[in-house]
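**Student:** Contents of coords_22.pdb (PDB, C-alpha atoms) are given next:
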```
ATOM      1  CA  MET M   1     -10.475 -24.903  39.916
ATOM      2  CA  LYS M   2     -11.553 -27.497  37.355
ATOM      3  CA  HIS M   3     -14.039 -25.007  35.854
ATOM      4  CA  ARG M   4     -11.324 -22.367  35.600
ATOM      5  CA  LEU M   5      -9.006 -24.780  33.826
ATOM      6  CA  LEU M   6     -11.794 -25.716  31.424
ATOM      7  CA  ALA M   7     -12.555 -22.052  30.770
ATOM      8  CA  ALA M   8      -8.875 -21.321  30.186
ATOM      9  CA  ALA M   9      -8.589 -24.309  27.853
ATOM     10  CA  SER M  10     -11.678 -23.153  25.898
ATOM     11  CA  MET M  11     -10.223 -19.669  25.632
ATOM     12  CA  MET M  12      -6.913 -21.063  24.343
ATOM     13  CA  LEU M  13      -8.799 -23.168  21.817
ATOM     14  CA  LEU M  14     -10.703 -20.103  20.601
ATOM     15  CA  VAL M  15      -7.497 -18.083  20.277
ATOM     16  CA  THR M  16      -5.721 -20.944  18.494
ATOM     17  CA  THR M  17      -8.660 -21.362  16.095
ATOM     18  CA  ALA M  18      -8.672 -17.632  15.347
ATOM     19  CA  HIS M  19      -4.917 -17.679  14.656
ATOM     20  CA  ALA M  20      -5.336 -20.722  12.416
ATOM     21  CA  ALA M  21      -8.046 -18.893  10.432
ATOM     22  CA  ASP M  22      -5.773 -15.843  10.114
ATOM     23  CA  ASP M  23      -2.889 -18.051   9.010
ATOM     24  CA  ALA M  24      -5.078 -19.760   6.391
ATOM     25  CA  ALA M  25      -6.278 -16.423   5.001
ATOM     26  CA  LEU M  26      -2.735 -15.114   4.484
ATOM     27  CA  ALA M  27      -1.150 -18.484   3.633
ATOM     28  CA  PRO M  28      -1.361 -17.843  -0.140
ATOM     29  CA  PHE M  29       0.907 -14.835   0.292
ATOM     30  CA  THR M  30       3.453 -16.963   2.157
ATOM     31  CA  GLN M  31       3.196 -19.498  -0.680
ATOM     32  CA  PHE M  32       3.849 -16.743  -3.232
ATOM     33  CA  VAL M  33       6.921 -15.499  -1.311
ATOM     34  CA  ASP M  34       8.388 -18.960  -0.738
ATOM     35  CA  ALA M  35       7.752 -20.084  -4.313
ATOM     36  CA  THR M  36       9.231 -16.888  -5.761
ATOM     37  CA  ASN M  37      12.345 -17.267  -3.620
ATOM     38  CA  ALA M  38      12.637 -20.845  -4.868
ATOM     39  CA  GLY M  39      12.164 -19.764  -8.494
ATOM     40  CA  ASP M  40       8.960 -21.813  -8.792
ATOM     41  CA  THR M  41       6.668 -19.477 -10.753
ATOM     42  CA  ALA M  42       4.018 -22.181 -11.306
ATOM     43  CA  LYS M  43       3.599 -22.640  -7.566
ATOM     44  CA  ALA M  44       3.597 -18.879  -7.039
ATOM     45  CA  ALA M  45       0.910 -18.502  -9.724
ATOM     46  CA  SER M  46      -1.333 -21.064  -8.020
ATOM     47  CA  ALA M  47      -1.575 -18.774  -4.969
ATOM     48  CA  TYR M  48      -3.547 -16.209  -7.004
ATOM     49  CA  ALA M  49      -7.197 -15.775  -7.917
ATOM     50  CA  PRO M  50      -7.792 -15.444 -11.688
ATOM     51  CA  THR M  51      -8.507 -11.708 -11.428
ATOM     52  CA  VAL M  52      -6.179  -9.772  -9.173
ATOM     53  CA  THR M  53      -4.875  -6.269  -8.618
ATOM     54  CA  ILE M  54      -1.115  -5.852  -8.350
ATOM     55  CA  ILE M  55       0.350  -2.404  -7.663
ATOM     56  CA  ASP M  56       4.124  -2.165  -7.851
ATOM     57  CA  GLU M  57       6.675   0.604  -8.161
ATOM     58  CA  PHE M  58       7.999  -0.263 -11.615
ATOM     59  CA  GLY M  59       6.115   0.566 -14.799
ATOM     60  CA  PRO M  60       3.332   0.129 -15.789
ATOM     61  CA  HIS M  61       2.660   0.084 -12.002
ATOM     62  CA  ILE M  62      -0.651  -1.812 -12.111
ATOM     63  CA  TRP M  63      -1.554  -5.288 -13.395
ATOM     64  CA  SER M  64      -4.682  -7.433 -13.380
ATOM     65  CA  SER M  65      -2.998 -10.847 -13.430
ATOM     66  CA  TYR M  66      -0.015 -12.515 -11.799
ATOM     67  CA  ALA M  67       1.174 -13.737 -15.210
ATOM     68  CA  SER M  68       1.456 -10.240 -16.675
ATOM     69  CA  TRP M  69       3.199  -8.856 -13.555
ATOM     70  CA  SER M  70       5.614 -11.800 -13.506
ATOM     71  CA  ARG M  71       6.392 -11.334 -17.225
ATOM     72  CA  ASP M  72       7.086  -7.603 -16.765
ATOM     73  CA  LEU M  73       9.178  -8.208 -13.640
ATOM     74  CA  ALA M  74      11.346 -10.687 -15.533
ATOM     75  CA  ALA M  75      11.773  -8.165 -18.367
ATOM     76  CA  ASP M  76      12.637  -5.405 -15.878
ATOM     77  CA  PHE M  77      15.206  -7.640 -14.166
ATOM     78  CA  LYS M  78      16.756  -8.493 -17.524
ATOM     79  CA  ALA M  79      16.881  -4.861 -18.646
ATOM     80  CA  ASN M  80      18.475  -3.696 -15.383
ATOM     81  CA  ALA M  81      20.754  -6.704 -14.794
ATOM     82  CA  VAL M  82      18.979  -7.667 -11.565
ATOM     83  CA  THR M  83      19.853 -11.071 -10.098
ATOM     84  CA  ASP M  84      19.566 -12.974  -6.803
ATOM     85  CA  PHE M  85      16.161 -11.497  -5.937
ATOM     86  CA  HIS M  86      14.913 -12.573  -2.516
ATOM     87  CA  MET M  87      11.979 -11.533  -0.318
ATOM     88  CA  ALA M  88      12.226 -11.759   3.485
ATOM     89  CA  ALA M  89       8.708 -11.279   4.832
ATOM     90  CA  ALA M  90       8.041 -10.642   8.526
ATOM     91  CA  PRO M  91       4.796 -11.770  10.172
ATOM     92  CA  ALA M  92       1.880  -9.501   9.236
ATOM     93  CA  SER M  93       1.960  -6.394  11.398
ATOM     94  CA  PHE M  94      -1.727  -5.688  10.806
ATOM     95  CA  LYS M  95      -4.477  -8.141   9.914
ATOM     96  CA  LYS M  96      -8.174  -7.847   9.252
ATOM     97  CA  ILE M  97      -9.764 -11.195   8.501
ATOM     98  CA  ASP M  98     -13.308 -12.463   8.258
ATOM     99  CA  ASP M  99     -14.662 -15.777   7.011
ATOM    100  CA  LYS M 100     -14.401 -14.863   3.318
ATOM    101  CA  THR M 101     -11.894 -12.024   2.938
ATOM    102  CA  GLY M 102      -8.492 -11.223   4.361
ATOM    103  CA  TYR M 103      -6.214  -8.190   4.516
ATOM    104  CA  GLY M 104      -2.705  -8.006   5.882
ATOM    105  CA  VAL M 105       0.234  -5.623   5.959
ATOM    106  CA  VAL M 106       3.527  -7.497   5.748
ATOM    107  CA  PRO M 107       6.806  -5.655   6.452
ATOM    108  CA  THR M 108       9.311  -7.088   3.995
ATOM    109  CA  VAL M 109      12.908  -6.630   2.994
ATOM    110  CA  LEU M 110      13.810  -7.239  -0.641
ATOM    111  CA  THR M 111      17.413  -8.068  -1.463
ATOM    112  CA  TYR M 112      18.886  -8.356  -4.938
ATOM    113  CA  LYS M 113      21.953  -7.540  -6.948
ATOM    114  CA  VAL M 114      22.179  -4.934  -9.711
ATOM    115  CA  LYS M 115      25.109  -5.748 -11.980
ATOM    116  CA  GLY M 116      26.509  -7.758  -9.087
ATOM    117  CA  LYS M 117      26.128  -4.987  -6.495
ATOM    118  CA  PRO M 118      23.984  -6.002  -3.485
ATOM    119  CA  ILE M 119      20.915  -3.828  -2.801
ATOM    120  CA  SER M 120      18.322  -4.058  -0.058
ATOM    121  CA  GLU M 121      14.933  -2.391  -0.094
ATOM    122  CA  LYS M 122      12.572  -2.135   2.871
ATOM    123  CA  GLY M 123       8.831  -1.782   2.480
ATOM    124  CA  LEU M 124       5.319  -3.063   2.942
ATOM    125  CA  PHE M 125       3.317  -5.634   1.066
ATOM    126  CA  THR M 126      -0.366  -4.839   1.535
ATOM    127  CA  VAL M 127      -2.214  -8.008   0.658
ATOM    128  CA  SER M 128      -5.856  -8.913   0.152
ATOM    129  CA  THR M 129      -7.173 -12.469  -0.125
ATOM    130  CA  ALA M 130     -10.534 -14.151  -0.615
ATOM    131  CA  LYS M 131     -11.866 -17.622   0.091
ATOM    132  CA  GLY M 132     -13.423 -19.277  -2.956
ATOM    133  CA  ALA M 133     -14.329 -22.788  -4.040
ATOM    134  CA  LYS M 134     -10.638 -23.735  -4.213
ATOM    135  CA  GLY M 135      -9.724 -22.177  -0.877
ATOM    136  CA  TRP M 136      -7.917 -18.936  -0.039
ATOM    137  CA  ARG M 137      -6.299 -17.066  -2.929
ATOM    138  CA  ILE M 138      -4.531 -13.704  -3.315
ATOM    139  CA  THR M 139      -6.861 -11.097  -4.836
ATOM    140  CA  GLY M 140      -4.454  -8.189  -4.704
ATOM    141  CA  TRP M 141      -1.335  -6.634  -3.275
ATOM    142  CA  ALA M 142       0.581  -3.388  -3.358
ATOM    143  CA  TRP M 143       4.294  -2.910  -2.708
ATOM    144  CA  SER M 144       5.291   0.380  -1.076
ATOM    145  CA  THR M 145       8.931   1.178  -0.410
ATOM    146  CA  THR M 146       9.315   2.862   2.974
ATOM    147  CA  PRO M 147      12.158   4.800   4.647
TER     148      PRO M 147
ATOM    149  CA  MET F 148      39.846  13.459  12.368
ATOM    150  CA  HIS F 149      36.486  14.395  13.824
ATOM    151  CA  LYS F 150      36.283  17.404  11.482
ATOM    152  CA  VAL F 151      37.230  15.300   8.475
ATOM    153  CA  LEU F 152      34.436  12.842   9.295
ATOM    154  CA  LEU F 153      31.947  15.669   9.757
ATOM    155  CA  ALA F 154      32.971  17.204   6.424
ATOM    156  CA  ALA F 155      32.652  13.836   4.700
ATOM    157  CA  ALA F 156      29.189  13.316   6.238
ATOM    158  CA  ALA F 157      28.066  16.794   5.142
ATOM    159  CA  CYS F 158      29.378  16.142   1.642
ATOM    160  CA  PHE F 159      27.555  12.815   1.499
ATOM    161  CA  LEU F 160      24.295  14.434   2.656
ATOM    162  CA  ALA F 161      24.622  17.185   0.065
ATOM    163  CA  MET F 162      25.280  14.632  -2.683
ATOM    164  CA  SER F 163      22.274  12.549  -1.572
ATOM    165  CA  ALA F 164      19.997  15.581  -1.642
ATOM    166  CA  GLN F 165      21.307  16.495  -5.086
ATOM    167  CA  ALA F 166      20.694  12.954  -6.327
ATOM    168  CA  VAL F 167      17.115  13.037  -5.077
ATOM    169  CA  ARG F 168      16.439  16.379  -6.719
ATOM    170  CA  ALA F 169      18.303  15.724  -9.938
ATOM    171  CA  ASP F 170      15.172  14.751 -11.860
ATOM    172  CA  ILE F 171      13.052  17.676 -10.671
ATOM    173  CA  ARG F 172      12.970  20.475 -13.224
ATOM    174  CA  PRO F 173      13.241  24.119 -12.159
ATOM    175  CA  TYR F 174       9.866  25.806 -11.766
ATOM    176  CA  ASP F 175       8.965  27.393 -15.107
ATOM    177  CA  GLY F 176       5.673  29.013 -14.115
ATOM    178  CA  THR F 177       3.480  26.168 -15.335
ATOM    179  CA  VAL F 178       0.349  25.806 -13.208
ATOM    180  CA  LEU F 179       0.067  22.176 -12.164
ATOM    181  CA  THR F 180      -3.322  20.642 -12.886
ATOM    182  CA  PRO F 181      -4.569  17.085 -13.412
ATOM    183  CA  GLN F 182      -4.155  17.829 -17.150
ATOM    184  CA  ASN F 183      -0.382  17.987 -16.860
ATOM    185  CA  SER F 184       0.559  16.614 -13.440
ATOM    186  CA  PRO F 185      -0.079  13.241 -11.771
ATOM    187  CA  THR F 186       0.533  14.766  -8.340
ATOM    188  CA  ALA F 187      -2.059  17.486  -8.978
ATOM    189  CA  ALA F 188      -4.598  14.772  -9.807
ATOM    190  CA  VAL F 189      -3.947  13.089  -6.448
ATOM    191  CA  THR F 190      -4.095  16.413  -4.599
ATOM    192  CA  GLU F 191      -7.411  17.346  -6.231
ATOM    193  CA  PHE F 192      -8.824  13.878  -5.599
ATOM    194  CA  ILE F 193      -8.022  14.112  -1.874
ATOM    195  CA  ALA F 194      -9.461  17.639  -1.696
ATOM    196  CA  ALA F 195     -12.667  16.420  -3.361
ATOM    197  CA  LEU F 196     -12.991  13.549  -0.876
ATOM    198  CA  ASN F 197     -12.474  15.927   2.035
ATOM    199  CA  THR F 198     -15.190  18.299   0.831
ATOM    200  CA  GLY F 199     -17.563  15.392   0.177
ATOM    201  CA  ASP F 200     -17.620  16.112  -3.564
ATOM    202  CA  LEU F 201     -17.598  12.511  -4.733
ATOM    203  CA  ASP F 202     -18.664  13.465  -8.273
ATOM    204  CA  LYS F 203     -15.526  15.556  -8.626
ATOM    205  CA  ALA F 204     -13.472  12.739  -7.080
ATOM    206  CA  ALA F 205     -14.992  10.281  -9.556
ATOM    207  CA  GLY F 206     -13.922  12.529 -12.428
ATOM    208  CA  LEU F 207     -10.279  12.057 -11.401
ATOM    209  CA  VAL F 208     -10.456   8.268 -11.164
ATOM    210  CA  ALA F 209     -10.622   5.716 -13.978
ATOM    211  CA  PRO F 210     -13.981   3.884 -13.720
ATOM    212  CA  SER F 211     -12.261   0.494 -13.463
ATOM    213  CA  ALA F 212      -9.766   1.629 -10.826
ATOM    214  CA  ALA F 213      -8.440  -1.075  -8.512
ATOM    215  CA  ILE F 214      -8.585  -0.238  -4.822
ATOM    216  CA  VAL F 215      -7.122  -2.147  -1.860
ATOM    217  CA  ASP F 216      -8.723  -0.663   1.251
ATOM    218  CA  PRO F 217      -9.361  -2.418   4.563
ATOM    219  CA  ASN F 218     -11.494   0.431   5.856
ATOM    220  CA  SER F 219     -14.359  -0.399   3.509
ATOM    221  CA  ALA F 220     -16.720  -3.355   3.468
ATOM    222  CA  MET F 221     -14.673  -5.242   0.872
ATOM    223  CA  PHE F 222     -10.886  -5.257   0.862
ATOM    224  CA  THR F 223     -10.355  -5.159  -2.903
ATOM    225  CA  TYR F 224     -12.461  -3.248  -5.383
ATOM    226  CA  HIS F 225     -12.317  -3.319  -9.163
ATOM    227  CA  SER F 226     -14.377  -0.197  -9.724
ATOM    228  CA  PHE F 227     -14.502   3.235  -8.151
ATOM    229  CA  ALA F 228     -18.320   3.099  -8.158
ATOM    230  CA  ASP F 229     -18.287   0.067  -5.833
ATOM    231  CA  TRP F 230     -15.821   1.738  -3.449
ATOM    232  CA  ARG F 231     -17.859   4.952  -3.558
ATOM    233  CA  ARG F 232     -21.044   3.055  -2.715
ATOM    234  CA  ASP F 233     -19.483   1.510   0.402
ATOM    235  CA  PHE F 234     -17.694   4.726   1.383
ATOM    236  CA  SER F 235     -20.970   6.677   1.143
ATOM    237  CA  ARG F 236     -22.818   4.003   3.082
ATOM    238  CA  THR F 237     -20.283   4.302   5.912
ATOM    239  CA  PHE F 238     -20.390   8.074   6.181
ATOM    240  CA  ASN F 239     -24.032   8.774   5.343
ATOM    241  CA  GLY F 240     -26.553   8.194   8.076
ATOM    242  CA  SER F 241     -24.229   6.348  10.435
ATOM    243  CA  ALA F 242     -22.260   7.229  13.537
ATOM    244  CA  PHE F 243     -19.190   7.949  11.352
ATOM    245  CA  THR F 244     -18.810  11.628  10.450
ATOM    246  CA  ASP F 245     -16.213  14.248   9.523
ATOM    247  CA  TYR F 246     -14.017  12.074   7.292
ATOM    248  CA  ARG F 247     -10.754  13.738   6.369
ATOM    249  CA  LEU F 248      -7.727  12.348   4.541
ATOM    250  CA  ILE F 249      -4.447  14.174   5.131
ATOM    251  CA  ALA F 250      -1.525  13.229   2.913
ATOM    252  CA  GLY F 251       2.095  13.848   3.874
ATOM    253  CA  GLU F 252       5.235  14.451   1.853
ATOM    254  CA  TYR F 253       5.914  11.913  -0.885
ATOM    255  CA  LEU F 254       8.178   9.043   0.104
ATOM    256  CA  SER F 255       8.689   8.044  -3.511
ATOM    257  CA  MET F 256       7.409   9.016  -6.914
ATOM    258  CA  GLY F 257       8.057   7.660 -10.374
ATOM    259  CA  SER F 258       6.674   7.836 -13.871
ATOM    260  CA  THR F 259       7.285   6.153 -17.199
ATOM    261  CA  SER F 260       7.711   7.718 -20.623
ATOM    262  CA  ASP F 261       4.463   6.102 -21.802
ATOM    263  CA  GLY F 262       2.353   7.979 -19.256
ATOM    264  CA  ARG F 263       2.163   5.831 -16.122
ATOM    265  CA  SER F 264       2.865   7.135 -12.645
ATOM    266  CA  ASP F 265       3.208   5.829  -9.111
ATOM    267  CA  CYS F 266       3.603   7.657  -5.791
ATOM    268  CA  VAL F 267       3.818   6.641  -2.141
ATOM    269  CA  MET F 268       3.076   8.873   0.839
ATOM    270  CA  PRO F 269       2.298   8.644   4.539
ATOM    271  CA  ALA F 270      -1.274   9.596   5.313
ATOM    272  CA  VAL F 271      -3.681  10.023   8.188
ATOM    273  CA  VAL F 272      -7.437   9.549   8.104
ATOM    274  CA  THR F 273      -9.378  11.398  10.782
ATOM    275  CA  PHE F 274     -13.054  10.888  11.540
ATOM    276  CA  ARG F 275     -15.565  11.038  14.371
ATOM    277  CA  ILE F 276     -17.705   8.288  15.817
ATOM    278  CA  GLU F 277     -20.645   9.731  17.716
ATOM    279  CA  GLY F 278     -18.686  12.951  18.002
ATOM    280  CA  LYS F 279     -15.464  11.453  19.344
ATOM    281  CA  GLU F 280     -12.421  12.070  17.136
ATOM    282  CA  PHE F 281     -10.174   9.232  15.960
ATOM    283  CA  HIS F 282      -7.320   8.873  13.546
ATOM    284  CA  ARG F 283      -5.686   6.082  11.612
ATOM    285  CA  ARG F 284      -2.199   6.136  10.166
ATOM    286  CA  GLY F 285      -1.144   4.464   6.967
ATOM    287  CA  ILE F 286       0.909   4.504   3.810
ATOM    288  CA  MET F 287      -0.965   5.349   0.601
ATOM    289  CA  GLU F 288       0.143   4.379  -2.861
ATOM    290  CA  PHE F 289      -1.538   5.853  -5.936
ATOM    291  CA  VAL F 290      -1.021   4.696  -9.505
ATOM    292  CA  GLU F 291      -2.122   6.810 -12.445
ATOM    293  CA  ALA F 292      -2.269   6.829 -16.208
ATOM    294  CA  ARG F 293      -2.166   9.768 -18.610
ATOM    295  CA  THR F 294      -5.318   9.847 -20.751
ATOM    296  CA  LYS F 295      -6.525  12.264 -23.436
ATOM    297  CA  ASP F 296      -8.345  14.123 -20.617
ATOM    298  CA  GLY F 297      -5.318  14.320 -18.353
ATOM    299  CA  TRP F 298      -3.975  12.175 -15.506
ATOM    300  CA  ARG F 299      -6.423   9.736 -13.941
ATOM    301  CA  ILE F 300      -6.012   7.530 -10.868
ATOM    302  CA  THR F 301      -6.096   3.872 -11.921
ATOM    303  CA  GLY F 302      -5.624   2.400  -8.471
ATOM    304  CA  TRP F 303      -4.629   2.936  -4.881
ATOM    305  CA  ALA F 304      -3.804   0.928  -1.803
ATOM    306  CA  TRP F 305      -4.020   1.802   1.875
ATOM    307  CA  SER F 306      -1.446   0.075   4.098
ATOM    308  CA  SER F 307      -2.612   0.301   7.672
ATOM    309  CA  LEU F 308       0.082   1.083  10.222
ATOM    310  CA  GLU F 309      -2.162   0.584  13.243
ATOM    311  CA  LEU F 310      -1.523  -1.973  15.962
ATOM    312  CA  GLN F 311       2.144  -2.326  15.241
ATOM    313  CA  PRO F 312       4.266  -0.571  17.865
ATOM    314  CA  PHE F 313       7.592  -1.608  16.338
ATOM    315  CA  TRP F 314       6.688  -0.369  12.865
ATOM    316  CA  ASP F 315       5.096   2.769  14.287
ATOM    317  CA  SER F 316       8.266   3.676  16.128
ATOM    318  CA  LEU F 317      10.246   3.025  12.954
ATOM    319  CA  HIS F 318       8.049   5.486  11.083
ATOM    320  CA  GLU F 319       7.626   8.029  13.854
ATOM    321  CA  PRO F 320       9.757  10.666  12.038
ATOM    322  CA  VAL F 321       7.559  10.317   8.946
ATOM    323  CA  PHE F 322       4.444  11.034  10.995
ATOM    324  CA  ARG F 323       5.817  13.994  12.948
ATOM    325  CA  GLN F 324       4.629  16.218  10.084
ATOM    326  CA  PHE F 325       1.024  15.560  11.075
ATOM    327  CA  ASP F 326      -0.710  17.278  13.957
ATOM    328  CA  LEU F 327      -2.581  14.147  14.994
ATOM    329  CA  PRO F 328      -5.935  14.749  16.613
ATOM    330  CA  GLY F 329      -7.935  12.353  18.771
ATOM    331  CA  SER F 330      -6.872   8.811  19.448
ATOM    332  CA  HIS F 331      -6.060   5.699  17.446
ATOM    333  CA  GLY F 332      -8.881   3.457  16.594
ATOM    334  CA  PRO F 333     -11.492   2.360  16.963
TER     335      PRO F 333
END
```
Represent the structure contained in this file as structure tokens.
**Tutor:**
Amino acid sequence: MKHRLLAAASMMLLVTTAHAADDAALAPFTQFVDATNAGDTAKAASAYAPTVTIIDEFGPHIWSSYASWSRDLAADFKANAVTDFHMAAAPASFKKIDDKTGYGVVPTVLTYKVKGKPISEKGLFTVSTAKGAKGWRITGWAWSTTP
Amino acid sequence: MHKVLLAAAACFLAMSAQAVRADIRPYDGTVLTPQNSPTAAVTEFIAALNTGDLDKAAGLVAPSAAIVDPNSAMFTYHSFADWRRDFSRTFNGSAFTDYRLIAGEYLSMGSTSDGRSDCVMPAVVTFRIEGKEFHRRGIMEFVEARTKDGWRITGWAWSSLELQPFWDSLHEPVFRQFDLPGSHGP
């Protein structure tokens, strides 16, 4: 009985450790979402690696830095009178993580207002991360609106 | 009352369909090619992959294309050559054979006046491992740019929809268009 308990405890420890590693690999994405919702672009920026790939559905559709995407998003919001932007991210529905790279698909609902009218948009963030000298950082993501 | 509601619903559906199609021009006889159509570039790229003609596929992709793909050794690539190397390594001389990418109807599509384009579609990858057939379901997003040689793919991302029963059921109608062979996995 004692051996079984020990085995079960070891198994739980292994599972917990694996989950912790998964959480660490995708934590920069959570940081980006939370910081963006709070309007803290500096904190959002610190979640990114220097060279990244961002694919989004507004022009020019692809960027190689968070700063350029963030600048264009702000311009797009201004041009289209978008306010109250908020991202509600669910837990990753698919994850593939090893000791140096991470990949996750995160079902997300975006809500915002266009000229005061509330809009919601459902889709997927597909995120990749990598572990470098400064820890885990976002190396890329793509936003795909889904039905 | 019931009839009024039905009529209103039909009217709403008709208006929605009209809104979706409003920006699609009537067919004027133009043959769509990667020279004049971003969707033709994607279609030809997928056809080239499926016939194993990676040189032709490479001709439709910008050399510095960005690729987010969990099915390859790395998850993010910054050049098509690197992705091609890993893709070839997987399907040449290993147990993986018969790769095929099947794209569904577009979920969304957009382009800008300065020659950038983006499209999203459901897709299925089928392959065999030691002869046994498998499939994987996902959402693919392609981004493109118009160059002097025509439209070229500048990036794509594969969003895996495996291992997520809730999301799968949500998207089941989208995937009914595919005749899915084999089983999920591995």
**Student:** To one decimal place in Å, what is the distance between CA of Thr51 in chain M and CA of Asp229 in chain F?
**Tutor:** 16.3 Å
**Student:** So how far away is CA of Asp84 in chain M from CA of Leu308 in chain F, in Å?
**Tutor:**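 Result for CA of Leu308 in chain F versus CA of Asp84 in chain M: 29.4 Å, one decimal.
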**Student:** Given the choices F:Ser226, F:Thr177, F:Asn197, F:Ser306, which gets closest to Pro210 in chain F if the distance is worked out from only C-alpha atoms?
**Tutor:**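 With only C-alpha atoms as the atom set, the closest residue is F:Ser226.
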**Student:** Produce a table with one row for each residue of chain M that has an atom at most 9 Å from any atom of chain F, each row naming the nearest atom pair and its distance in Å at one decimal; use only C-alpha atoms; arrange rows by chain and rising residue number; format as a Markdown table.
**Tutor:**
```
| residue | atom | partner | partner_atom | distance |
| --- | --- | --- | --- | --- |
| M:Val52 | CA | F:Thr223 | CA | 8.8 |
| M:Thr53 | CA | F:Ala213 | CA | 6.3 |
| M:Ile54 | CA | F:Ala213 | CA | 8.7 |
| M:Ile55 | CA | F:Val290 | CA | 7.5 |
| M:Asp56 | CA | F:Asp265 | CA | 8.1 |
| M:Glu57 | CA | F:Asp265 | CA | 6.3 |
| M:Phe58 | CA | F:Gly257 | CA | 8.0 |
| M:Gly59 | CA | F:Thr259 | CA | 6.2 |
| M:Pro60 | CA | F:Arg263 | CA | 5.8 |
| M:His61 | CA | F:Val290 | CA | 6.4 |
| M:Ile62 | CA | F:Val290 | CA | 7.0 |
| M:Ser64 | CA | F:Ala213 | CA | 8.8 |
| M:Ser93 | CA | F:Gln311 | CA | 5.6 |
| M:Phe94 | CA | F:Leu310 | CA | 6.4 |
| M:Lys95 | CA | F:Ser307 | CA | 8.9 |
| M:Lys96 | CA | F:Pro217 | CA | 7.3 |
| M:Thr101 | CA | F:Phe222 | CA | 7.1 |
| M:Gly102 | CA | F:Phe222 | CA | 7.3 |
| M:Tyr103 | CA | F:Pro217 | CA | 6.6 |
| M:Gly104 | CA | F:Ser306 | CA | 8.4 |
| M:Val105 | CA | F:Ser306 | CA | 6.2 |
| M:Pro107 | CA | F:Trp314 | CA | 8.3 |
| M:Leu124 | CA | F:Ser306 | CA | 7.5 |
| M:Phe125 | CA | F:Ser306 | CA | 8.0 |
| M:Thr126 | CA | F:Ser306 | CA | 5.6 |
| M:Val127 | CA | F:Val215 | CA | 8.0 |
| M:Ser128 | CA | F:Phe222 | CA | 6.3 |
| M:Thr129 | CA | F:Phe222 | CA | 8.2 |
| M:Thr139 | CA | F:Thr223 | CA | 7.2 |
| M:Gly140 | CA | F:Thr223 | CA | 6.9 |
| M:Trp141 | CA | F:Val215 | CA | 7.5 |
| M:Ala142 | CA | F:Ala304 | CA | 6.3 |
| M:Trp143 | CA | F:Glu288 | CA | 8.4 |
| M:Ser144 | CA | F:Val267 | CA | 6.5 |
| M:Thr145 | CA | F:Ser255 | CA | 7.5 |
| M:Thr146 | CA | F:Leu254 | CA | 6.9 |
| M:Pro147 | CA | F:Leu254 | CA | 7.4 |
```
**Student:** Work out how far CA of Pro91 in chain M is from CA of Thr108 in chain M, in Å to one decimal.
**Tutor:**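 Rounded to one decimal, the two atoms are 9.0 Å apart.
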**Student:** Using all atoms listed in the file, can you list as a PyMOL selection string the residues within 12 Å of (22.5, -3.0, -6.1)?
**Tutor:** chain M and resi 77+80-85+110-121
**Student:** Taking (-12.6, 12.3, -13.7) in the coordinates of the supplied file, I want to know which residues reach to within 9 Å of it, counting all atoms listed in the file; could you give the answer as a VMD selection string?
**Tutor:** chain F and resid 202 to 210 296 to 300
**Student:** Written as a list of chain:residue names, what is the full residue list that the PyMOL selection byres ((chain M and resi 32) around 10) yields on the file shown?
**Tutor:**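 After applying the PyMOL selection byres ((chain M and resi 32) around 10), what remains is M:Ala27, M:Pro28, M:Phe29, M:Thr30, M:Gln31, M:Val33, M:Asp34, M:Ala35, M:Thr36, M:Asn37, M:Ala38, M:Asp40, M:Thr41, M:Ala42, M:Lys43, M:Ala44, M:Ala45, M:Ser46, M:Ala47, M:Tyr48, M:Ile138.
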**Student:** Please report, as lines of an AutoDock Vina configuration file, the centre and edge lengths in Å to one decimal of an axis-aligned box covering all listed atoms of range 177-195 of chain F with 8 Å per side.
**Tutor:**
```
center_x = -4.6
center_y = 19.6
center_z = -9.4
size_x = 32.1
size_y = 29.1
size_z = 31.5
```
**Student:** Mind checking which residues fall within 12 Å of Gly240 in chain F, counting only C-alpha atoms, ignoring those fewer than 4 positions away in the same chain, and posting them as a list in words?
**Tutor:**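 Listed by chain and then number, they are Phe234, Ser235, Arg236, Thr244, Ile276 and Glu277 of chain F.
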**Student:** Keeping only C-alpha atoms, take the residues you just selected and write them out as a tab-separated table (two decimals), in the frame of the given file.
**Tutor:**
```
chain	number	residue	atom	x	y	z
F	234	PHE	CA	-17.69	4.73	1.38
F	235	SER	CA	-20.97	6.68	1.14
F	236	ARG	CA	-22.82	4.00	3.08
F	244	THR	CA	-18.81	11.63	10.45
F	276	ILE	CA	-17.70	8.29	15.82
F	277	GLU	CA	-20.64	9.73	17.72
```
**Student:** Within 12 Å of Ala194 in chain F, counting all atoms listed in the file, which residues show up once you throw out same-chain ones fewer than 6 positions away? Write them as number ranges by chain, please.
**Tutor:** F: 187-188, 200-201, 203-204, 207, 246-250
**Student:** Go through M:Pro50, M:Met87, M:Lys131, M:Gly39 one by one, measure the shortest atom-to-atom distance of each to Ser68 in chain M using all atoms listed in the file, and give the residue with the smallest value.
**Tutor:** M:Pro50
